[in-house]
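Read through the structure below, which is laid out as structure tokens, and then see the notes.
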Amino acid sequence: MVQVDEERNIKLQQSSWKPPRKTKLKYKYELWEKPSICPFCDRPVEVVIDETHNGRNINIRLPRGAIAKPLFPKKVTQATKTQTNFIEETFGKQEILSWSRRYDEDHPWWNQEEKEVGNKIRRTKKLTKTDLEKIVEWKFKTFPARKRRILKLISQNTEEEIAGISGKALGIDSDTDLFKTETLCRLQGVGPALASTILTFYNPVDYGIFDIHVCREFFGKEHVPTTTATYMVVLEKLRRIAKQLGLEVRTVEKALFKKNLDE
């Protein structure tokens with residue numbers, strides 16, 4: 001079964017293959033040319049895909065050896081490379097710090113809430129349901145309809161599930177960024193963007209938030225999928241700039257966010 005994340009509005013096309021039995025699903029899709037790789041998170045999978053991301057899941061049965069293909073290009077265009085290189089080569093430390101300070105001055109509630117929740121979860125190394133709800137409120141404050149949907153999904157998690165899964169993601173420093181992000185995505189209502197926010201609140205030195213404004217600074221207006229794999233690419237770029245300038249990753253990400261938001 002393929003679980004398609006409705007929250008991210010993944011569009012699928014019709015294929016010539018027809019399901020062996022009637023289905024109520026009206027979603028269209030096409031077969032993907034590269035079997036054994038999940039198109040939503042780029043991880044190796046077997047015939048059955050069982051990916052759980054934020055949003056309501058829809059199951060589509062595929063023939064043996066086939067998986068669904070999303071309608072976004074995986075190739076990095078020359079325009080994307082040029083945009084990324086331009087940022088990395090021209091964004092100086094003072095400019096980054098200036099945009100980051102402007103972010104703090106213009107968004108005091110965001111700044112204060114991030115510090116308070118971040119300080120708490122750094123002490124406990126896990127989340128409570130209240131912590132998670134506060135992070136959802138913070139991340140989607142300007143998107144009330146989306147915030148309500150995600151809070152409803154968050155409510156389906158028990159306190160024990162939230163504490164156990166978040167503790168596994170936040171409490172083990174030796175595991176990879178991919179592991180931490182995917183572990184958090186096991187919680188109902190948590191996708192890569194929200195997982196990145198949790199990780200950033202917990203460790204702003206090494207993490208930045210996965211946001212469309214930051215992506216636009218790196219890739220221009222070219223559409224990029226909101227997947228864990230994309231976040232790994234964005235995080236690597238943020239860390240490269242942060243290392244070159246001797247700054248926290250969150251500082252660089254805040255600056256790019258604010259610059260794109262204002263301009």
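Residues in the structure tokens are numbered from 1 in each chain, the chains being A, B, ... in the order shown, and ligands are numbered from 1 in the order shown.
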
Subject >> Contacts of Ile165 (chain A) at 7 Å (only C-alpha atoms; same-chain gap of 3+ positions) as a list in words >> reply: Glu161, Ile162, Lys168, Ala169, Thr183 and Leu184 of chain A

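Near His107 (chain A), within 12 Å and counting only C-alpha atoms, sit A:Ser100, A:Arg101, A:Glu113, A:Glu114, A:Trp138, A:Lys141, A:Lys254, A:Lys258; same-chain residues fewer than 6 positions away were not included.
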
Original post:
Which value, in Å to one decimal, gives the distance between CA of Pro204 (chain A) and CA of Ile241 (chain A)?
Top reply: 14.4 Å

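CA of Glu159 (chain A) sits 20.7 Å away from CA of Pro192 (chain A).
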
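Distances to Tyr207 (chain A) were evaluated for A:Lys221, A:Arg250, A:Lys180, A:Asp175 using only C-alpha atoms, and the minimum falls at A:Arg250.
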
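Counting only C-alpha atoms, the residue from A:Arg146, A:Trp99, A:Glu222, A:Ile198 that sits nearest to Glu263 (chain A) is A:Trp99.
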
**OP:** Have a look at A:Asp211, A:Asp106, A:Asp262, A:Asp131 and name the one nearest to Gly118 (chain A); count only C-alpha atoms.
**Re:** A:Asp131

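The coordinates place CA of Arg239 (chain A) at 28.7 Å from CA of Lys147 (chain A).
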
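Candidate residues A:Thr176, A:Ala255, A:Asn260, A:Ile121 were compared for distance to Asp104 (chain A), and the nearest is A:Ala255, using only C-alpha atoms.
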
Original post:
Residues at most 10 Å from Phe91 (chain A), counting only C-alpha atoms, excluding those fewer than 5 positions away in the same chain, as a ChimeraX atom specification?
Top reply: /A:86,96,241,245,252,256

Write down as a compact mmCIF listing (two decimals) with C-alpha atoms, in the first residue's frame the residues of region 130-233 of chain A whose backbone DSSP state falls under alpha helix (DSSP H).
# COMPACT_ATOMS: atom_id res chain seq x y z
CA THR A 130 1.66 20.67 25.36
CA ASP A 131 5.18 21.28 24.03
CA LEU A 132 4.21 19.85 20.66
CA GLU A 133 1.04 21.92 20.51
CA LYS A 134 3.04 25.07 21.26
CA ILE A 135 5.45 24.28 18.44
CA VAL A 136 2.53 23.73 16.04
CA GLU A 137 1.05 27.07 17.15
CA TRP A 138 4.43 28.71 16.54
CA LYS A 139 5.08 27.12 13.15
CA PRO A 144 -5.00 29.02 10.94
CA ALA A 145 -6.77 26.37 8.82
CA ARG A 146 -3.63 24.27 8.53
CA LYS A 147 -2.89 24.78 12.21
CA ARG A 148 -6.32 23.43 13.17
CA ARG A 149 -5.89 20.34 10.98
CA ILE A 150 -2.48 19.54 12.42
CA LEU A 151 -3.55 20.13 16.02
CA LYS A 152 -6.40 17.69 15.44
CA LEU A 153 -3.90 15.09 14.23
CA ILE A 154 -1.54 15.85 17.13
CA GLU A 159 1.47 11.47 26.01
CA GLU A 160 3.46 8.23 26.17
CA GLU A 161 3.88 8.09 22.38
CA ILE A 162 5.01 11.71 22.18
CA ALA A 163 7.48 11.31 25.05
CA GLY A 164 8.86 8.01 23.75
CA ILE A 165 9.27 8.99 20.10
CA SER A 166 10.59 12.50 20.78
CA GLY A 167 12.96 11.13 23.43
CA LYS A 168 14.35 8.66 20.91
CA ALA A 169 14.92 11.44 18.37
CA LEU A 170 16.32 14.06 20.73
CA ASP A 177 19.86 13.76 10.93
CA LEU A 178 17.77 11.53 8.70
CA PHE A 179 17.04 9.17 11.59
CA LYS A 180 16.06 12.02 13.91
CA THR A 181 13.75 13.60 11.34
CA GLU A 182 12.09 10.35 10.32
CA THR A 183 11.65 9.29 13.93
CA LEU A 184 9.75 12.49 14.73
CA PRO A 192 9.47 17.13 7.78
CA ALA A 193 8.69 20.84 8.27
CA LEU A 194 7.41 20.36 11.82
CA ALA A 195 10.15 17.85 12.62
CA SER A 196 12.75 20.41 11.51
CA THR A 197 11.15 22.96 13.85
CA ILE A 198 11.38 20.58 16.80
CA LEU A 199 15.04 19.83 16.05
CA THR A 200 15.82 23.53 15.65
CA PHE A 201 14.15 24.47 18.94
CA TYR A 202 16.19 21.74 20.60
CA ILE A 212 9.35 27.67 1.75
CA HIS A 213 11.04 31.07 2.12
CA VAL A 214 14.41 29.46 2.82
CA CYS A 215 13.92 27.09 -0.11
CA ARG A 216 13.20 30.03 -2.40
CA GLU A 217 16.48 31.65 -1.39
CA PHE A 218 18.33 28.49 -2.41
CA PHE A 219 16.27 27.29 -5.36
CA THR A 228 12.75 14.60 4.37
CA ALA A 229 15.21 14.18 1.50
CA THR A 230 14.77 17.83 0.49
CA TYR A 231 15.26 18.94 4.08
CA MET A 232 18.56 17.05 4.21
CA VAL A 233 19.74 19.01 1.15
